[in-house]
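Structure file upload-v1.txt; described as compact mmCIF, C-alpha atoms.
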# COMPACT_ATOMS: atom_id res chain seq x y z
CA MET A 1 119.20 -49.90 52.94
CA LEU A 2 122.32 -49.54 55.08
CA PRO A 3 121.92 -48.37 58.69
CA ARG A 4 122.92 -44.90 59.82
CA LEU A 5 126.06 -45.01 61.96
CA THR A 6 127.69 -42.36 64.09
CA GLN A 7 131.44 -41.92 63.79
CA ALA A 8 132.38 -41.93 67.46
CA HIS A 9 136.08 -41.55 68.15
CA ALA A 10 138.15 -42.21 71.24
CA PRO A 11 141.91 -42.31 71.84
CA LEU A 12 143.27 -45.79 71.19
CA THR A 13 146.20 -45.43 73.58
CA ARG A 14 147.21 -43.37 76.57
CA GLU A 15 150.62 -42.50 77.94
CA VAL A 16 151.61 -43.68 81.41
CA SER A 17 154.78 -43.79 83.46
CA ALA A 18 156.51 -47.09 84.20
CA VAL A 19 159.76 -48.04 85.88
CA ASN A 20 162.10 -50.12 83.73
CA GLU A 21 164.66 -52.76 84.69
CA LEU A 22 167.29 -50.07 85.35
CA GLY A 23 165.05 -48.17 87.75
CA ASP A 24 164.48 -45.38 85.27
CA VAL A 25 161.01 -43.91 84.68
CA ASP A 26 159.82 -44.31 81.08
CA THR A 27 156.79 -42.81 79.39
CA VAL A 28 155.05 -45.62 77.50
CA SER A 29 151.78 -46.15 75.63
CA ILE A 30 149.14 -48.64 76.70
CA PRO A 31 145.81 -49.56 75.03
CA ALA A 32 142.86 -47.49 76.25
CA GLU A 33 140.42 -50.31 77.07
CA ARG A 34 136.89 -49.07 77.77
CA ALA A 35 133.40 -50.46 78.39
CA LEU A 36 130.64 -50.13 75.80
CA THR A 37 127.13 -51.12 76.88
CA VAL A 38 124.92 -52.12 73.96
CA TYR A 39 121.20 -51.33 74.02
CA VAL A 40 118.91 -52.79 71.37
CA ASP A 41 115.62 -50.93 71.02
CA LYS A 42 116.19 -49.49 74.51
CA ARG A 43 116.80 -52.96 76.00
CA GLU A 44 120.22 -53.55 77.58
CA LEU A 45 121.92 -56.44 75.82
CA VAL A 46 125.60 -56.74 76.76
CA THR A 47 128.67 -54.77 77.80
CA LEU A 48 131.69 -55.14 75.54
CA MET A 49 135.22 -54.31 76.64
CA THR A 50 136.86 -52.70 73.63
CA LEU A 51 139.64 -50.50 72.35
CA GLY A 52 136.93 -48.45 70.66
CA ALA A 53 138.50 -47.99 67.24
CA HIS A 54 135.31 -48.71 65.26
CA PRO A 55 132.55 -49.13 67.85
CA GLU A 56 129.59 -48.93 65.45
CA LEU A 57 131.03 -51.66 63.22
CA LEU A 58 131.84 -53.73 66.31
CA VAL A 59 128.23 -53.57 67.50
CA LEU A 60 126.86 -54.35 64.03
CA GLY A 61 129.20 -57.31 63.61
CA PHE A 62 128.40 -58.53 67.13
CA LEU A 63 124.68 -58.61 66.30
CA ARG A 64 125.47 -60.40 63.04
CA ASN A 65 127.72 -63.06 64.55
CA GLN A 66 125.34 -63.61 67.47
CA ARG A 67 122.69 -64.39 64.84
CA LEU A 68 120.38 -61.77 66.36
CA VAL A 69 119.95 -60.04 63.00
CA ALA A 70 120.03 -61.90 59.72
CA SER A 71 120.52 -58.92 57.43
CA VAL A 72 122.03 -55.46 57.62
CA ASP A 73 118.66 -54.13 56.42
CA GLU A 74 117.14 -55.02 59.80
CA VAL A 75 119.20 -52.32 61.55
CA ASP A 76 118.05 -48.72 61.25
CA SER A 77 120.84 -46.96 63.17
CA ILE A 78 123.66 -47.39 65.70
CA THR A 79 124.53 -44.40 67.87
CA VAL A 80 127.64 -44.51 70.07
CA ASP A 81 128.21 -41.99 72.87
CA TRP A 82 131.56 -42.36 74.63
CA ASP A 83 130.57 -39.82 77.29
CA VAL A 84 128.25 -42.46 78.76
CA GLY A 85 129.90 -45.53 77.22
CA ALA A 86 126.78 -46.67 75.42
CA ALA A 87 125.73 -47.86 71.96
CA ALA A 88 122.04 -47.48 71.08
CA VAL A 89 120.84 -49.80 68.35
CA LYS A 90 117.52 -49.08 66.67
CA THR A 91 116.11 -51.87 64.53
CA ARG A 92 113.46 -51.40 61.87
CA GLN A 93 111.00 -54.00 63.17
CA GLY A 94 112.48 -55.23 66.43
CA ILE A 95 114.22 -58.55 67.11
CA SER A 96 111.71 -61.34 67.55
CA ASN A 97 111.89 -63.39 70.74
CA ILE A 98 115.03 -61.57 71.86
CA GLU A 99 114.58 -62.50 75.53
CA ALA A 100 114.66 -66.24 74.85
CA ARG A 101 117.41 -65.96 72.25
CA THR A 102 119.72 -64.16 74.68
CA ALA A 103 118.81 -66.13 77.80
CA LYS A 104 121.62 -68.67 77.38
CA ARG A 105 125.02 -67.06 77.59
CA VAL A 106 128.31 -68.85 76.97
CA VAL A 107 131.54 -67.28 78.27
CA THR A 108 134.08 -67.57 75.49
CA THR A 109 137.83 -68.09 75.57
CA GLY A 110 138.36 -64.63 74.09
CA CYS A 111 140.56 -62.08 75.79
CA GLY A 112 138.45 -60.12 78.24
CA GLN A 113 135.96 -62.99 78.48
CA GLY A 114 133.55 -62.34 75.68
CA SER A 115 130.06 -63.79 75.56
CA VAL A 116 128.02 -65.51 72.92
CA PHE A 117 124.30 -66.14 73.10
CA GLY A 118 122.69 -69.49 72.45
CA ASP A 119 124.25 -72.75 71.30
CA LEU A 120 127.53 -72.23 69.46
CA MET A 121 127.06 -75.41 67.41
CA ALA A 122 123.33 -75.03 66.74
CA GLU A 123 123.62 -73.82 63.14
CA VAL A 124 126.98 -75.24 62.09
CA ASP A 125 125.40 -78.01 60.03
CA GLN A 126 123.55 -75.39 57.98
CA ILE A 127 126.72 -73.57 56.90
CA LYS A 128 127.91 -74.38 53.39
CA LEU A 129 131.22 -72.81 52.51
CA PRO A 130 131.99 -71.90 48.89
CA PRO A 131 134.85 -73.50 46.97
CA ALA A 132 137.99 -71.40 47.26
CA THR A 133 141.74 -71.88 47.17
CA LEU A 134 144.81 -70.01 48.31
CA THR A 135 148.29 -70.30 46.85
CA GLN A 136 151.38 -70.57 49.00
CA ALA A 137 152.64 -67.34 47.45
CA GLN A 138 149.44 -65.55 48.48
CA LEU A 139 149.79 -66.94 52.01
CA TYR A 140 153.30 -65.53 52.23
CA GLY A 141 151.99 -62.22 50.90
CA ILE A 142 149.40 -62.12 53.69
CA VAL A 143 151.95 -62.85 56.40
CA ASN A 144 154.30 -60.20 55.00
CA ALA A 145 151.54 -57.57 54.77
CA ILE A 146 150.76 -58.05 58.46
CA ARG A 147 154.47 -57.90 59.33
CA LEU A 148 154.82 -54.52 57.61
CA LYS A 149 151.60 -53.05 59.02
CA GLU A 150 151.99 -50.18 61.48
CA THR A 151 149.92 -51.26 64.43
CA THR A 152 148.85 -50.34 67.93
CA TYR A 153 150.44 -53.61 69.02
CA LYS A 154 153.86 -52.39 67.89
CA SER A 155 153.52 -49.17 69.89
CA SER A 156 151.76 -50.43 73.00
CA GLY A 157 151.24 -54.21 72.91
CA SER A 158 148.33 -55.94 74.65
CA VAL A 159 145.95 -56.06 71.67
CA HIS A 160 144.92 -58.58 69.03
CA GLY A 161 144.76 -57.86 65.32
CA CYS A 162 142.47 -59.30 62.66
CA ALA A 163 142.37 -58.64 58.94
CA LEU A 164 140.40 -59.50 55.85
CA PHE A 165 142.23 -60.22 52.61
CA ARG A 166 141.19 -60.86 49.04
CA GLY A 167 144.05 -63.02 47.88
CA GLU A 168 147.01 -61.11 49.29
CA GLU A 169 145.23 -57.74 49.02
CA LEU A 170 144.57 -56.28 52.47
CA LEU A 171 140.99 -54.98 52.60
CA VAL A 172 140.61 -54.07 56.27
CA PHE A 173 142.71 -54.39 59.43
CA VAL A 174 141.28 -54.06 62.95
CA GLU A 175 142.84 -54.21 66.39
CA ASP A 176 141.05 -54.62 69.71
CA VAL A 177 141.66 -55.90 73.21
CA GLY A 178 140.16 -59.24 72.17
CA ARG A 179 140.28 -61.09 68.89
CA HIS A 180 136.50 -61.68 68.97
CA ASN A 181 135.89 -57.93 68.97
CA ALA A 182 138.27 -57.48 66.04
CA LEU A 183 136.53 -60.25 64.10
CA ASP A 184 133.07 -58.85 64.86
CA THR A 185 134.21 -55.43 63.64
CA ILE A 186 135.29 -56.97 60.35
CA ALA A 187 131.89 -58.68 60.08
CA GLY A 188 130.27 -55.28 60.51
CA TRP A 189 132.59 -53.76 57.91
CA MET A 190 131.63 -56.46 55.41
CA TRP A 191 127.93 -55.61 55.83
CA MET A 192 128.57 -51.88 55.47
CA ASN A 193 130.70 -52.39 52.34
CA PRO A 194 128.62 -54.83 50.28
CA GLN A 195 130.37 -54.14 46.98
CA VAL A 196 133.67 -55.37 48.41
CA GLY A 197 132.73 -57.39 51.44
CA GLY A 198 129.33 -58.70 50.40
CA THR A 199 130.62 -62.22 49.96
CA GLY A 200 133.31 -64.12 51.81
CA ALA A 201 133.88 -66.57 48.97
CA ASP A 202 137.06 -64.89 47.74
CA LYS A 203 138.27 -63.74 51.17
CA VAL A 204 140.86 -64.90 53.69
CA PHE A 205 140.52 -64.07 57.37
CA TYR A 206 143.72 -63.46 59.38
CA THR A 207 144.08 -63.28 63.15
CA THR A 208 146.98 -62.93 65.54
CA GLY A 209 145.09 -65.06 68.08
CA ARG A 210 144.52 -68.79 68.33
CA LEU A 211 141.85 -70.48 66.24
CA THR A 212 139.20 -71.57 68.73
CA SER A 213 135.83 -73.04 67.82
CA GLU A 214 134.20 -69.61 68.18
CA MET A 215 136.66 -67.99 65.78
CA VAL A 216 136.21 -70.76 63.22
CA ILE A 217 132.41 -70.64 63.49
CA LYS A 218 132.29 -66.84 63.16
CA SER A 219 134.53 -66.97 60.07
CA ALA A 220 132.27 -69.60 58.54
CA GLN A 221 129.16 -67.55 59.35
CA MET A 222 130.73 -64.72 57.37
CA GLY A 223 131.16 -67.12 54.45
CA VAL A 224 134.97 -66.99 54.65
CA PRO A 225 136.42 -70.45 53.89
CA MET A 226 140.09 -69.70 54.65
CA VAL A 227 141.54 -68.63 58.01
CA VAL A 228 145.17 -67.91 58.87
CA SER A 229 146.71 -67.37 62.30
CA ARG A 230 150.18 -66.72 63.59
CA SER A 231 149.10 -68.80 66.61
CA GLY A 232 147.76 -72.36 66.75
CA ILE A 233 144.39 -74.10 66.84
CA THR A 234 142.40 -75.76 69.62
CA GLN A 235 140.97 -79.27 69.38
CA MET A 236 137.40 -78.03 69.09
CA GLY A 237 138.46 -75.41 66.57
CA LEU A 238 139.99 -78.17 64.47
CA ASP A 239 136.92 -80.39 64.82
CA VAL A 240 134.65 -77.61 63.55
CA ALA A 241 137.02 -76.65 60.73
CA GLN A 242 137.16 -80.25 59.53
CA GLN A 243 133.37 -80.57 59.75
CA LEU A 244 132.91 -77.43 57.65
CA GLY A 245 135.71 -78.07 55.18
CA LEU A 246 137.27 -74.77 56.25
CA CYS A 247 140.99 -74.38 55.60
CA ALA A 248 142.67 -73.50 58.90
CA ILE A 249 146.31 -72.47 58.71
CA GLY A 250 148.25 -71.76 61.90
CA ARG A 251 151.76 -70.98 63.10
CA ALA A 252 152.10 -68.78 60.03
CA THR A 253 155.28 -66.74 60.43
CA ASN A 254 157.81 -65.89 57.76
CA LYS A 255 157.72 -68.93 55.45
CA ARG A 256 156.59 -71.46 58.01
CA PHE A 257 153.03 -72.63 58.61
CA LEU A 258 150.88 -75.64 59.46
CA CYS A 259 147.72 -76.41 57.49
CA TYR A 260 145.44 -78.20 59.95
CA SER A 261 142.38 -78.83 57.78
CA ALA A 262 141.07 -78.79 54.19
CA ALA A 263 144.60 -78.91 52.80
CA HIS A 264 143.15 -79.32 49.29
CA ARG A 265 142.30 -75.60 49.41
CA LEU A 266 145.97 -74.65 49.78
CA LYS A 267 147.99 -74.82 46.56
CA LEU A 268 151.56 -75.56 47.60
CA GLN A 269 154.51 -74.01 45.77
CA THR A 270 157.48 -75.68 47.39
CA GLU A 271 159.84 -73.96 44.95
CA LEU A 272 159.31 -70.80 47.01
CA LEU A 273 161.37 -72.38 49.78
CA ALA A 274 164.46 -72.74 47.62
Here is a file; write its structure as structure tokens.
Amino acid sequence: MLPRLTQAHAPLTREVSAVNELGDVDTVSIPAERALTVYVDKRELVTLMTLGAHPELLVLGFLRNQRLVASVDEVDSITVDWDVGAAAVKTRQGISNIEARTAKRVVTTGCGQGSVFGDLMAEVDQIKLPPATLTQAQLYGIVNAIRLKETTYKSSGSVHGCALFRGEELLVFVEDVGRHNALDTIAGWMWMNPQVGGTGADKVFYTTGRLTSEMVIKSAQMGVPMVVSRSGITQMGLDVAQQLGLCAIGRATNKRFLCYSAAHRLKLQTELLA
């Protein structure tokens, strides 16, 4: 049974005045970053800094990627109230040993300093990614789809974008002030759309941000074996990707890219460069 979610809305941008290089005053748009404090069964858990585009999915995906809930069925409802900046999560049977499981907090490299609970590497050895491949033509299709997408970034800057593809078909695109939030929102979307997003086996995850260990681990937890970024990869991100056999592709712009790991998953078509 899927949880009941509110559909809280908040403006994604706001207009402000700024002085340009000529001394003229321009009216420009900036992202409307806001705080969202998450309560689980009336217990305060964490405060997320977010754009607020899909707050209920963000909270659901956060709980999933923090390994606090193992199944969407464990969540009864998520209620977001922007008047007080709070998200109230009600679980069906509570989260066992939640105090101990959230006692250790790691500050991540994500924009806005996100947090993860527990040991990032604790369950990596248990992740088994499904066999999957991506053609070079599909990779170019993904990069082009992102290039053509109308985004908050194009109008105001200062946000990260993440997307989930099936081949080169764009399934969902999310922007937030940090790439971790955008990825968590996609994780929540996958749980709420089981017919399409129930498995990551045939999916490709795209991010505008760098591929850190946290991003690679979260993608793997979602069962997605292919990740693409227009940025690069960190050493620890590469180590984890190689350990998992996850295909990590970075510096993907136009027809250029670097495949850092699991190159056997990428089916090259060099004739496309002619």
With only C-alpha atoms as the counted atoms, please give the residues lying no more than 10 Å from Met236 of chain A, apart from itself and same-chain residues fewer than 3 positions off, as an mmCIF file with C-alpha atoms, keeping the file's coordinate frame.
data_model
loop_
_atom_site.group_PDB
_atom_site.id
_atom_site.type_symbol
_atom_site.label_atom_id
_atom_site.label_comp_id
_atom_site.auth_asym_id
_atom_site.auth_seq_id
_atom_site.Cartn_x
_atom_site.Cartn_y
_atom_site.Cartn_z
ATOM 1 C CA LEU A 211 141.850 -70.480 66.240
ATOM 2 C CA THR A 212 139.200 -71.570 68.730
ATOM 3 C CA SER A 213 135.830 -73.040 67.820
ATOM 4 C CA GLU A 214 134.200 -69.610 68.180
ATOM 5 C CA VAL A 216 136.210 -70.760 63.220
ATOM 6 C CA ILE A 233 144.390 -74.100 66.840
ATOM 7 C CA ASP A 239 136.920 -80.390 64.820
ATOM 8 C CA VAL A 240 134.650 -77.610 63.550
ATOM 9 C CA ALA A 241 137.020 -76.650 60.730
ATOM 10 C CA GLN A 242 137.160 -80.250 59.530
#
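Nearest-residue note for Thr50 of chain A: choosing from A:Arg179, A:Arg4, A:Lys203, A:Arg147, the minimum distance belongs to A:Arg179, counting all atoms listed in the file.
Put simply, atom CA of Glu175 of chain A is 23.6 Å away from atom CA of Arg256 of chain A.
If all atoms listed in the file are the atoms counted, then among A:Gln66, A:Ala53, A:Ala252, A:Ser231 the closest residue to Glu123 of chain A is A:Gln66.
Distance annotation: of A:Val69, A:Val143, A:Leu45, A:Val84, the residue with the minimal separation from Glu99 of chain A is A:Leu45; atom set is all atoms listed in the file.
Between atom CA of Gly250 of chain A and atom CA of Glu150 of chain A lies a distance of 21.9 Å.
The coordinates place atom CA of Ala87 of chain A at 12.7 Å from atom CA of His9 of chain A.
Distance annotation: of A:Leu272, A:Val25, A:Leu63, A:His54, the residue with the minimal separation from Val172 of chain A is A:His54; atom set is all atoms listed in the file.
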Taking all atoms listed in the file into account, name the residue in A:Ile98, A:Ala262, A:Arg64, A:Arg251 that is nearest to Glu44 of chain A. A:Ile98
Using only C-alpha atoms, find the one residue out of A:Met49, A:Leu164, A:Leu58, A:Val224 that sits nearest to Ala145 of chain A. A:Leu164
With all atoms listed in the file as the counted atoms, please give the residues lying no more than 9 Å from segment 129-133 of chain A, apart from itself and same-chain residues fewer than 6 positions off, as JSON, numbers by chain. {"A": [200, 201, 202, 203, 220, 221, 223, 224, 225, 226, 244, 245, 246, 247, 264, 265, 266, 267]}
Could you check which residues have any atom within 8 Å of (149.6, -71.0, 41.9), counting all atoms listed in the file with coordinates taken straight from the file, and then list them as number ranges by chain? A: 135-137, 267-269
Which residues come within 12 Å of Pro55 of chain A, counting all atoms listed in the file, excluding same-chain residues fewer than 6 positions away, as a short mmCIF file (atom, residue, chain, number, x, y, z; two decimals) with C-alpha atoms, in the frame of the given file?
data_model
loop_
_atom_site.label_atom_id
_atom_site.label_comp_id
_atom_site.auth_asym_id
_atom_site.auth_seq_id
_atom_site.Cartn_x
_atom_site.Cartn_y
_atom_site.Cartn_z
CA LEU A 5 126.06 -45.01 61.96
CA THR A 6 127.69 -42.36 64.09
CA GLN A 7 131.44 -41.92 63.79
CA ALA A 8 132.38 -41.93 67.46
CA HIS A 9 136.08 -41.55 68.15
CA ALA A 10 138.15 -42.21 71.24
CA LEU A 12 143.27 -45.79 71.19
CA ARG A 34 136.89 -49.07 77.77
CA ALA A 35 133.40 -50.46 78.39
CA LEU A 36 130.64 -50.13 75.80
CA THR A 37 127.13 -51.12 76.88
CA VAL A 38 124.92 -52.12 73.96
CA LEU A 48 131.69 -55.14 75.54
CA MET A 49 135.22 -54.31 76.64
CA GLY A 61 129.20 -57.31 63.61
CA PHE A 62 128.40 -58.53 67.13
CA ILE A 78 123.66 -47.39 65.70
CA THR A 79 124.53 -44.40 67.87
CA VAL A 80 127.64 -44.51 70.07
CA ASP A 81 128.21 -41.99 72.87
CA TRP A 82 131.56 -42.36 74.63
CA GLY A 85 129.90 -45.53 77.22
CA ALA A 86 126.78 -46.67 75.42
CA ALA A 87 125.73 -47.86 71.96
CA ALA A 88 122.04 -47.48 71.08
CA VAL A 89 120.84 -49.80 68.35
CA VAL A 174 141.28 -54.06 62.95
CA GLU A 175 142.84 -54.21 66.39
CA ASP A 176 141.05 -54.62 69.71
CA ASN A 181 135.89 -57.93 68.97
CA ALA A 182 138.27 -57.48 66.04
CA ASP A 184 133.07 -58.85 64.86
CA THR A 185 134.21 -55.43 63.64
CA ILE A 186 135.29 -56.97 60.35
CA GLY A 188 130.27 -55.28 60.51
CA TRP A 189 132.59 -53.76 57.91
#
Which residues are close to Asn144 of chain A, i.e. within 9 Å by only C-alpha atoms, leaving aside same-chain residues fewer than 4 positions away? Reply as a PyMOL selection string. chain A and resi 139-140+148-149+253-254
Hey, can you pull every residue with an atom no more than 7 Å from (151.2, -43.1, 79.5), using all atoms listed in the file, and send it as number ranges by chain? A: 14-17, 27-30
